[in-house]
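Trainee: You'll find query_38.csv just under this line, and it carries CSV, C-alpha atoms.
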```csv
chain,number,residue,atom,x,y,z
A,28,MET,CA,101.7,98.5,-56.4
A,29,ALA,CA,105.1,99.4,-57.7
A,30,THR,CA,104.5,103.0,-58.6
A,31,GLY,CA,107.4,105.4,-58.6
A,32,SER,CA,106.0,108.0,-56.3
A,33,ALA,CA,105.4,105.7,-53.4
A,34,LYS,CA,108.5,103.6,-53.9
A,35,HIS,CA,110.7,105.2,-51.2
A,36,ASP,CA,108.2,106.0,-48.5
A,37,ALA,CA,109.4,103.7,-45.8
A,38,LEU,CA,113.0,104.5,-46.7
A,39,GLU,CA,112.5,108.2,-46.6
A,40,GLU,CA,110.6,107.9,-43.3
A,41,LEU,CA,113.5,106.0,-41.8
A,42,ILE,CA,116.1,108.5,-43.1
A,43,GLU,CA,114.1,111.4,-41.7
A,44,ALA,CA,113.8,109.6,-38.3
A,45,LEU,CA,117.5,108.9,-38.1
A,46,ARG,CA,118.3,112.5,-38.9
A,47,ARG,CA,116.7,113.5,-35.6
A,48,LEU,CA,119.5,111.8,-33.7
A,49,PRO,CA,122.1,114.3,-32.6
A,50,GLY,CA,125.2,114.4,-34.9
A,51,VAL,CA,123.4,112.6,-37.7
A,52,GLY,CA,123.1,114.4,-41.1
A,53,VAL,CA,121.4,113.3,-44.2
A,54,LYS,CA,124.4,111.4,-45.6
A,55,SER,CA,124.9,109.5,-42.3
A,56,ALA,CA,121.2,108.7,-42.1
A,57,GLN,CA,121.2,107.3,-45.6
A,58,ARG,CA,124.3,105.2,-44.9
A,59,MET,CA,122.6,103.9,-41.7
A,60,THR,CA,119.4,103.1,-43.5
A,61,TYR,CA,121.1,101.2,-46.3
A,62,HIS,CA,123.3,99.3,-43.9
A,63,LEU,CA,120.4,98.3,-41.7
A,64,LEU,CA,118.2,97.1,-44.5
A,65,GLN,CA,120.9,95.6,-46.6
A,66,HIS,CA,123.1,94.0,-44.0
A,67,ASP,CA,121.6,94.0,-40.5
A,68,ARG,CA,117.8,93.9,-40.2
A,69,PRO,CA,118.1,92.2,-36.8
A,70,ALA,CA,119.9,95.4,-35.6
A,71,ALA,CA,117.0,97.5,-36.9
A,72,GLN,CA,114.6,95.4,-35.0
A,73,ALA,CA,116.7,95.4,-31.9
A,74,LEU,CA,116.9,99.2,-32.0
A,75,ALA,CA,113.2,99.6,-32.5
A,76,GLY,CA,112.6,97.4,-29.5
A,77,ALA,CA,115.1,99.2,-27.4
A,78,LEU,CA,113.7,102.6,-28.2
A,79,THR,CA,110.2,101.5,-27.4
A,80,HIS,CA,111.3,99.8,-24.2
A,81,ALA,CA,113.3,102.8,-23.0
A,82,VAL,CA,110.6,105.4,-23.8
A,83,GLN,CA,108.0,103.3,-21.9
A,84,SER,CA,110.1,102.4,-18.9
A,85,VAL,CA,112.8,105.1,-18.3
A,86,ARG,CA,111.6,108.0,-16.2
A,87,HIS,CA,113.3,110.4,-13.8
A,88,CYS,CA,114.2,109.6,-10.2
A,89,THR,CA,111.8,111.6,-8.0
A,90,ARG,CA,114.7,112.6,-5.7
A,91,CYS,CA,117.7,113.3,-8.0
A,92,HIS,CA,116.0,113.5,-11.4
A,93,THR,CA,118.4,111.1,-13.1
A,94,PHE,CA,117.1,108.4,-15.4
A,95,THR,CA,115.7,105.3,-13.7
A,96,GLU,CA,113.2,102.6,-14.2
A,97,GLY,CA,111.9,102.7,-10.6
A,98,GLU,CA,110.6,105.4,-8.4
A,99,LEU,CA,114.0,106.1,-6.9
A,100,CYS,CA,117.3,105.5,-8.7
A,101,GLY,CA,119.8,102.9,-7.4
A,102,THR,CA,122.0,105.6,-5.9
A,103,CYS,CA,119.3,107.5,-4.1
A,104,ALA,CA,117.9,104.2,-2.8
A,105,ASP,CA,121.3,103.0,-1.5
A,106,PRO,CA,121.5,103.5,2.3
A,107,ARG,CA,125.4,103.3,2.2
A,108,ARG,CA,125.7,106.6,0.3
A,109,ASP,CA,126.5,109.7,2.4
A,110,ALA,CA,123.3,111.7,2.4
A,111,ARG,CA,125.1,114.8,3.7
A,112,LEU,CA,126.9,115.3,0.4
A,113,LEU,CA,125.0,116.3,-2.7
A,114,ALA,CA,126.8,116.7,-6.1
A,115,VAL,CA,125.1,118.8,-8.8
A,116,VAL,CA,125.7,117.7,-12.4
A,117,GLU,CA,124.3,118.9,-15.7
A,118,THR,CA,123.3,115.5,-17.2
A,119,PRO,CA,123.0,111.8,-16.4
A,120,ALA,CA,126.1,111.3,-18.5
A,121,ASP,CA,128.1,113.6,-16.1
A,122,GLN,CA,126.7,111.7,-13.2
A,123,ALA,CA,127.9,108.5,-14.7
A,124,ALA,CA,131.4,109.9,-15.3
A,125,LEU,CA,131.6,111.0,-11.6
A,126,GLU,CA,130.4,107.6,-10.5
A,127,ARG,CA,132.9,105.8,-12.6
A,128,SER,CA,135.7,107.7,-10.9
A,129,GLY,CA,134.9,105.7,-7.8
A,130,SER,CA,135.8,108.5,-5.5
A,131,TYR,CA,132.4,110.0,-4.7
A,132,LYS,CA,130.2,108.5,-2.0
A,133,GLY,CA,127.5,111.1,-1.7
A,134,LEU,CA,124.2,111.6,-3.5
A,135,TYR,CA,123.5,113.5,-6.8
A,136,PHE,CA,121.2,116.0,-8.2
A,137,VAL,CA,120.9,116.0,-12.0
A,138,LEU,CA,120.0,119.4,-13.6
A,139,MET,CA,118.2,119.5,-16.9
A,140,GLY,CA,121.2,120.9,-18.6
A,141,ARG,CA,122.9,124.3,-17.8
A,142,LEU,CA,122.0,127.9,-17.9
A,143,SER,CA,122.1,129.4,-21.4
A,144,PRO,CA,120.4,132.8,-21.3
A,145,LEU,CA,120.9,133.4,-25.1
A,146,ASP,CA,119.0,130.2,-25.8
A,147,GLY,CA,116.3,131.1,-23.3
A,148,VAL,CA,117.4,128.4,-20.8
A,149,GLY,CA,117.0,129.9,-17.4
A,150,THR,CA,116.8,128.6,-13.8
A,151,VAL,CA,113.3,127.3,-14.3
A,152,GLU,CA,114.3,125.2,-17.3
A,153,ILE,CA,117.2,123.5,-15.6
A,154,GLY,CA,115.2,122.7,-12.5
A,155,ALA,CA,117.0,125.0,-10.0
A,156,GLU,CA,113.9,125.3,-7.8
A,157,ARG,CA,113.7,121.5,-7.5
A,158,LEU,CA,117.4,121.5,-6.5
A,159,LEU,CA,116.9,124.1,-3.8
A,160,ALA,CA,114.0,122.1,-2.4
A,161,ARG,CA,116.1,118.9,-2.5
A,162,ALA,CA,119.1,120.5,-0.8
A,163,ALA,CA,116.8,121.9,2.0
A,164,ASP,CA,115.9,118.5,3.3
A,165,GLY,CA,117.8,119.1,6.6
A,166,VAL,CA,120.2,116.2,5.9
A,167,VAL,CA,122.4,117.8,3.1
A,168,GLU,CA,125.3,119.7,4.6
A,169,GLU,CA,127.5,120.3,1.5
A,170,VAL,CA,126.5,120.8,-2.1
A,171,VAL,CA,129.4,120.0,-4.6
A,172,LEU,CA,128.8,122.0,-7.8
A,173,ALA,CA,130.1,119.6,-10.5
A,174,THR,CA,128.8,121.5,-13.6
A,175,GLY,CA,131.2,121.7,-16.5
A,176,PHE,CA,134.1,124.2,-16.7
A,177,THR,CA,132.6,125.8,-19.8
A,178,ALA,CA,131.3,129.4,-19.8
A,179,GLU,CA,127.7,128.1,-19.3
A,180,GLY,CA,128.7,125.6,-16.7
A,181,GLU,CA,130.5,128.3,-14.7
A,182,LEU,CA,127.5,130.6,-15.0
A,183,THR,CA,125.3,127.8,-13.7
A,184,ALA,CA,127.6,127.1,-10.8
A,185,GLN,CA,127.8,130.8,-9.8
A,186,ALA,CA,124.0,131.2,-9.9
A,187,LEU,CA,123.3,128.0,-7.9
A,188,ALA,CA,126.1,128.8,-5.4
A,189,ALA,CA,124.5,132.2,-4.6
A,190,ALA,CA,121.1,130.7,-4.1
A,191,LEU,CA,122.4,127.7,-2.0
A,192,LYS,CA,124.6,129.9,0.2
A,193,ALA,CA,121.6,132.2,0.8
A,194,ARG,CA,119.9,129.1,2.3
A,195,GLY,CA,122.9,128.5,4.7
A,196,LEU,CA,124.4,125.5,2.9
A,197,LYS,CA,128.1,124.9,2.4
A,198,VAL,CA,128.9,125.1,-1.3
A,199,THR,CA,132.0,123.7,-3.0
A,200,ARG,CA,133.2,123.4,-6.6
A,201,LEU,CA,135.2,120.7,-8.3
A,202,ALA,CA,138.9,121.6,-8.4
A,203,ARG,CA,140.3,122.9,-11.7
A,204,GLY,CA,143.9,121.9,-12.6
A,205,VAL,CA,146.2,119.9,-14.7
A,206,PRO,CA,144.5,116.6,-15.9
A,207,ALA,CA,146.1,113.4,-14.6
A,208,GLY,CA,148.5,111.9,-17.0
A,209,SER,CA,149.2,115.3,-18.8
A,210,ASP,CA,152.5,116.7,-19.7
A,211,LEU,CA,152.5,120.4,-18.8
A,212,GLU,CA,153.6,121.4,-22.3
A,213,TYR,CA,150.3,120.1,-23.7
A,214,VAL,CA,148.0,121.8,-21.2
A,215,ASP,CA,146.3,125.0,-22.2
A,216,LEU,CA,147.4,128.2,-20.6
A,217,SER,CA,144.3,129.1,-18.7
A,218,THR,CA,144.3,125.6,-17.1
A,219,ILE,CA,147.9,126.2,-16.0
A,220,ALA,CA,147.0,129.6,-14.6
A,221,TYR,CA,144.2,128.0,-12.6
A,222,ALA,CA,146.5,125.2,-11.4
A,223,LEU,CA,149.1,127.8,-10.2
A,224,HIS,CA,146.5,129.9,-8.5
A,225,ASP,CA,144.9,126.9,-6.7
A,226,ARG,CA,148.2,125.2,-5.9
A,227,ARG,CA,148.4,123.4,-2.6
B,22,MET,CA,111.9,98.0,-7.6
B,23,ALA,CA,114.6,100.6,-7.5
B,24,THR,CA,117.6,98.3,-7.1
B,25,GLY,CA,121.0,99.3,-8.2
B,26,SER,CA,121.8,96.4,-10.5
B,27,ALA,CA,118.7,96.7,-12.7
B,28,LYS,CA,118.7,100.5,-12.7
B,29,HIS,CA,120.2,101.0,-16.2
B,30,ASP,CA,118.9,98.0,-18.1
B,31,ALA,CA,116.7,99.9,-20.6
B,32,LEU,CA,119.4,102.6,-21.0
B,33,GLU,CA,122.2,100.1,-21.6
B,34,GLU,CA,120.0,98.2,-24.1
B,35,LEU,CA,119.3,101.3,-26.0
B,36,ILE,CA,123.0,102.4,-26.0
B,37,GLU,CA,124.0,98.9,-27.2
B,38,ALA,CA,121.4,99.0,-30.0
B,39,LEU,CA,122.5,102.4,-31.2
B,40,ARG,CA,126.1,101.3,-31.3
B,41,ARG,CA,125.2,98.8,-34.0
B,42,LEU,CA,124.6,101.7,-36.4
B,43,PRO,CA,127.5,102.4,-38.7
B,44,GLY,CA,129.7,105.2,-37.5
B,45,VAL,CA,128.3,105.3,-34.0
B,46,GLY,CA,130.7,104.6,-31.1
B,47,VAL,CA,129.9,104.3,-27.4
B,48,LYS,CA,130.2,108.1,-26.7
B,49,SER,CA,127.8,108.9,-29.6
B,50,ALA,CA,125.4,106.2,-28.5
B,51,GLN,CA,125.3,107.6,-25.0
B,52,ARG,CA,124.8,111.2,-26.3
B,53,MET,CA,121.9,110.0,-28.5
B,54,THR,CA,120.3,108.0,-25.7
B,55,TYR,CA,120.4,111.0,-23.3
B,56,HIS,CA,119.2,113.4,-25.9
B,57,LEU,CA,116.2,111.2,-26.9
B,58,LEU,CA,115.1,110.4,-23.4
B,59,GLN,CA,115.8,113.9,-22.0
B,60,HIS,CA,114.7,116.1,-24.8
B,61,ASP,CA,113.0,114.3,-27.6
B,62,ARG,CA,111.0,111.2,-26.8
B,63,PRO,CA,108.7,111.8,-29.8
B,64,ALA,CA,111.8,111.3,-32.0
B,65,ALA,CA,112.6,108.0,-30.2
B,66,GLN,CA,109.0,106.8,-30.9
B,67,ALA,CA,109.1,108.0,-34.5
B,68,LEU,CA,112.4,106.2,-35.0
B,69,ALA,CA,111.1,103.0,-33.5
B,70,GLY,CA,108.0,103.2,-35.8
B,71,ALA,CA,110.1,103.9,-38.9
B,72,LEU,CA,112.5,101.0,-38.2
B,73,THR,CA,109.6,98.6,-37.8
B,74,HIS,CA,107.8,99.9,-40.8
B,75,ALA,CA,110.9,99.7,-43.0
B,76,VAL,CA,111.9,96.2,-41.9
B,77,GLN,CA,108.4,95.0,-42.6
B,78,SER,CA,107.8,96.7,-45.9
B,79,VAL,CA,111.1,97.3,-47.7
B,80,ARG,CA,112.3,94.4,-49.8
B,81,HIS,CA,114.4,93.9,-52.9
B,82,CYS,CA,113.1,94.5,-56.4
B,83,THR,CA,112.9,91.1,-58.1
B,84,ARG,CA,114.5,92.5,-61.3
B,85,CYS,CA,117.2,94.9,-60.2
B,86,HIS,CA,117.5,94.1,-56.5
B,87,THR,CA,117.2,97.7,-55.3
B,88,PHE,CA,115.0,98.5,-52.3
B,89,THR,CA,111.3,98.7,-53.0
B,90,GLU,CA,108.0,98.2,-51.2
B,91,GLY,CA,106.4,96.5,-54.2
B,92,GLU,CA,107.3,93.5,-56.4
B,93,LEU,CA,109.1,95.7,-58.9
B,94,CYS,CA,110.8,99.0,-58.1
B,95,GLY,CA,109.5,102.2,-59.7
B,96,THR,CA,112.3,102.3,-62.3
B,97,CYS,CA,111.9,98.7,-63.4
B,98,ALA,CA,108.2,99.1,-63.7
B,99,ASP,CA,108.5,102.3,-65.8
B,100,PRO,CA,107.8,101.5,-69.5
B,101,ARG,CA,109.5,104.8,-70.5
B,102,ARG,CA,113.0,103.6,-69.4
B,103,ASP,CA,115.3,102.3,-72.1
B,104,ALA,CA,115.5,98.5,-71.4
B,105,ARG,CA,118.5,98.1,-73.7
B,106,LEU,CA,120.7,99.8,-71.2
B,107,LEU,CA,121.6,98.3,-67.9
B,108,ALA,CA,123.7,100.2,-65.3
B,109,VAL,CA,125.4,98.2,-62.6
B,110,VAL,CA,125.9,99.9,-59.3
B,111,GLU,CA,127.2,98.8,-55.9
B,112,THR,CA,124.4,100.0,-53.7
B,113,PRO,CA,121.0,101.6,-53.8
B,114,ALA,CA,122.7,104.9,-52.7
B,115,ASP,CA,124.8,104.8,-55.8
B,116,GLN,CA,121.7,104.2,-57.9
B,117,ALA,CA,120.1,107.2,-56.3
B,118,ALA,CA,123.1,109.3,-57.1
B,119,LEU,CA,123.0,108.3,-60.8
B,120,GLU,CA,119.3,108.9,-60.9
B,121,ARG,CA,119.7,112.4,-59.4
B,122,SER,CA,122.1,113.3,-62.3
B,123,GLY,CA,119.0,113.1,-64.5
B,124,SER,CA,121.1,111.9,-67.5
B,125,TYR,CA,120.5,108.2,-67.4
B,126,LYS,CA,117.4,106.8,-68.9
B,127,GLY,CA,118.1,103.0,-68.8
B,128,LEU,CA,117.5,100.4,-66.1
B,129,TYR,CA,119.7,99.4,-63.2
B,130,PHE,CA,121.1,96.4,-61.5
B,131,VAL,CA,122.1,96.8,-57.9
B,132,LEU,CA,124.9,94.6,-56.6
B,133,MET,CA,125.1,93.6,-53.0
B,134,GLY,CA,128.3,95.6,-52.5
B,135,ARG,CA,131.6,95.0,-54.3
B,136,LEU,CA,134.2,92.3,-54.5
B,137,SER,CA,136.5,92.3,-51.5
B,138,PRO,CA,138.5,89.1,-51.6
B,139,LEU,CA,140.3,89.9,-48.3
B,140,ASP,CA,137.0,90.1,-46.5
B,141,GLY,CA,135.7,86.9,-48.2
B,142,VAL,CA,133.3,88.9,-50.4
B,143,GLY,CA,133.3,87.1,-53.8
B,144,THR,CA,131.1,87.0,-56.9
B,145,VAL,CA,128.5,84.9,-55.0
B,146,GLU,CA,128.1,87.4,-52.2
B,147,ILE,CA,127.6,90.4,-54.5
B,148,GLY,CA,125.0,88.6,-56.7
B,149,ALA,CA,127.0,88.4,-59.9
B,150,GLU,CA,125.1,85.3,-61.1
B,151,ARG,CA,121.9,87.1,-60.7
B,152,LEU,CA,123.3,90.0,-62.8
B,153,LEU,CA,124.4,87.6,-65.6
B,154,ALA,CA,120.9,86.1,-65.7
B,155,ARG,CA,119.3,89.5,-65.7
B,156,ALA,CA,121.6,90.8,-68.5
B,157,ALA,CA,120.8,87.7,-70.6
B,158,ASP,CA,117.2,88.6,-71.0
B,159,GLY,CA,117.6,89.2,-74.7
B,160,VAL,CA,116.6,92.9,-74.4
B,161,VAL,CA,119.7,94.3,-72.7
B,162,GLU,CA,122.3,95.4,-75.3
B,163,GLU,CA,124.8,97.4,-73.3
B,164,VAL,CA,125.9,97.0,-69.6
B,165,VAL,CA,127.3,100.2,-68.1
B,166,LEU,CA,129.6,99.3,-65.2
B,167,ALA,CA,129.0,102.1,-62.7
B,168,THR,CA,130.9,100.6,-59.7
B,169,GLY,CA,133.1,103.0,-57.8
B,170,PHE,CA,136.6,104.1,-58.9
B,171,THR,CA,138.1,102.5,-55.8
B,172,ALA,CA,140.5,99.5,-55.9
B,173,GLU,CA,137.6,97.2,-55.0
B,174,GLY,CA,135.2,98.9,-57.4
B,175,GLU,CA,137.7,98.6,-60.3
B,176,LEU,CA,138.2,94.9,-59.4
B,177,THR,CA,134.5,94.3,-59.5
B,178,ALA,CA,134.1,96.1,-62.8
B,179,GLN,CA,136.9,94.0,-64.4
B,180,ALA,CA,135.5,90.7,-63.2
B,181,LEU,CA,132.0,91.5,-64.3
B,182,ALA,CA,133.2,92.9,-67.7
B,183,ALA,CA,135.0,89.7,-68.4
B,184,ALA,CA,131.9,87.6,-67.6
B,185,LEU,CA,129.5,89.8,-69.5
B,186,LYS,CA,131.7,90.1,-72.6
B,187,ALA,CA,132.0,86.3,-72.7
B,188,ARG,CA,128.2,86.3,-73.1
B,189,GLY,CA,128.4,88.6,-76.1
B,190,LEU,CA,127.2,91.8,-74.4
B,191,LYS,CA,128.6,95.3,-75.0
B,192,VAL,CA,130.2,96.5,-71.8
B,193,THR,CA,131.1,100.1,-71.0
B,194,ARG,CA,132.5,101.9,-67.9
B,195,LEU,CA,131.7,105.4,-66.6
B,196,ALA,CA,134.3,107.9,-67.7
B,197,ARG,CA,137.1,108.9,-65.4
B,198,GLY,CA,138.2,112.5,-65.5
B,199,VAL,CA,138.2,115.9,-63.9
B,200,PRO,CA,135.1,116.6,-61.8
B,201,ALA,CA,132.8,119.3,-63.0
B,202,GLY,CA,133.6,122.6,-61.3
B,203,SER,CA,137.1,121.7,-60.4
B,204,ASP,CA,140.2,123.8,-60.9
B,205,LEU,CA,143.0,121.6,-62.3
B,206,GLU,CA,145.4,122.6,-59.6
B,207,TYR,CA,143.2,120.9,-57.0
B,208,VAL,CA,142.7,117.6,-58.9
B,209,ASP,CA,144.8,114.7,-57.8
B,210,LEU,CA,147.5,113.5,-60.2
B,211,SER,CA,146.1,110.1,-61.1
B,212,THR,CA,142.8,111.7,-62.1
B,213,ILE,CA,144.7,114.2,-64.3
B,214,ALA,CA,146.6,111.3,-65.8
B,215,TYR,CA,143.4,109.4,-66.6
B,216,ALA,CA,141.8,112.6,-68.0
B,217,LEU,CA,144.8,113.1,-70.3
B,218,HIS,CA,144.7,109.5,-71.4
B,219,ASP,CA,141.0,109.5,-72.1
B,220,ARG,CA,141.0,113.0,-73.7
B,221,ARG,CA,138.5,113.4,-76.6
```
Write out the structure in this file as structure tokens.

Mentor:
Amino acid sequence: MATGSAKHDALEELIEALRRLPGVGVKSAQRMTYHLLQHDRPAAQALAGALTHAVQSVRHCTRCHTFTEGELCGTCADPRRDARLLAVVETPADQAALERSGSYKGLYFVLMGRLSPLDGVGTVEIGAERLLARAADGVVEEVVLATGFTAEGELTAQALAAALKARGLKVTRLARGVPAGSDLEYVDLSTIAYALHDRR
Amino acid sequence: MATGSAKHDALEELIEALRRLPGVGVKSAQRMTYHLLQHDRPAAQALAGALTHAVQSVRHCTRCHTFTEGELCGTCADPRRDARLLAVVETPADQAALERSGSYKGLYFVLMGRLSPLDGVGTVEIGAERLLARAADGVVEEVVLATGFTAEGELTAQALAAALKARGLKVTRLARGVPAGSDLEYVDLSTIAYALHDRR
């Protein structure tokens, strides 16, 4: 039936579903919908398949809580990693960034975000208890807090540092300073202040 | 198996599929992927379902070529529309914008985009032949060219106007001028020039 009221149901449904993606408003969702249906239906089918596949097969590593399709992620299952070092990051994306640097050989623990008291995100929500249990395995000697250098990332690092130190673990924090490749004149003042304070 | 090489297959597949959406780069695709899998798996499932549903059920109206789930779209099937008026737009989104204005009571023809000779998009690609056949149904008296006021939209309007006039049809173009609600001081100079030239 070509009745007016039902005419856009599948389109509206797709626009609404796309709007649930982070950073996608109604105009973007409309543009995506028209693009997919007008110019690239194979991309729409590929995306539907990839979403279904990921939801079905991606779960959390039982040791570090990052995304994995197995019981353990590739990093946790790798015997060449240094099990005495445990880096704590906010998200799998942060873990991937650290890993790409190629200069970290230890293991990871992926929090479920960072503390945000105003949004009701506390230590339970980010999985701090699970981290404390993981770090107390008797092998971990040093926990590297690699949460972000935002207000919430700092708060998270401070809270975790206190709890980890109370359990007798060595706790370190990523260094703050001038980014590689930066001219000093373009670096913000608080970064310069930290770089001066932590000079070596 | 928790081997390193296969660890991110479903994630990478999803990131690649999201990157095929217009306006989505690799960083956005990663953020969307992590958000969906970490915080909103129901949204991922809803999106997969909406994509599959839309690809299966949305097709083009046989008369005006807009998106529809039936043989004819709601507008073409509506006997209260003025069949003597035919507005030509570039996309279903433009049609929706005209329709929302509430001041057009005729029918539509939706092109497949606009002429873009440098990209190899010619009259065949935008469906001009189909428009000429549609406009020659003996009922249409006036064709309102409602392509955009961009260089390519103007080129498209000029080419179609020539072909339609050669077939004895009355051809009009949307008026150019100062947008409703605008202060003159904020309107660009070429718009003011057009508004002066077309003053009434």

Trainee: Write down, as number ranges by chain, each residue of chain B that has any atom within 7 Å of an atom of chain A, counting all atoms listed in the file.

Mentor: B: 22-25, 28-29, 31-32, 34-35, 38-39, 41-43, 53, 58, 62, 64-69, 71-76, 79, 89-96, 98

Trainee: Around (117.4, 97.0, -69.2), as given in the file, which residues come within 12 Å? Count only C-alpha atoms and list them as a VMD selection string.

Mentor: chain B and resid 84 to 85 96 to 109 125 to 130 152 154 to 165

Trainee: Distance CA of Gly141 in chain B-CA of Asp115 in chain B, one decimal place?

Mentor: 22.3 Å

Trainee: In Å, rounded to a single decimal, give me how far CA of Pro138 in chain B is from CA of Leu195 in chain B.

Mentor: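 Between CA of Leu195 in chain B and CA of Pro138 in chain B the gap works out to 23.2 Å.
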
Trainee: CA of Arg227 in chain A to CA of Gly129 in chain A: how many Å, to one decimal?

Mentor: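 CA of Gly129 in chain A lies 22.9 Å from CA of Arg227 in chain A.
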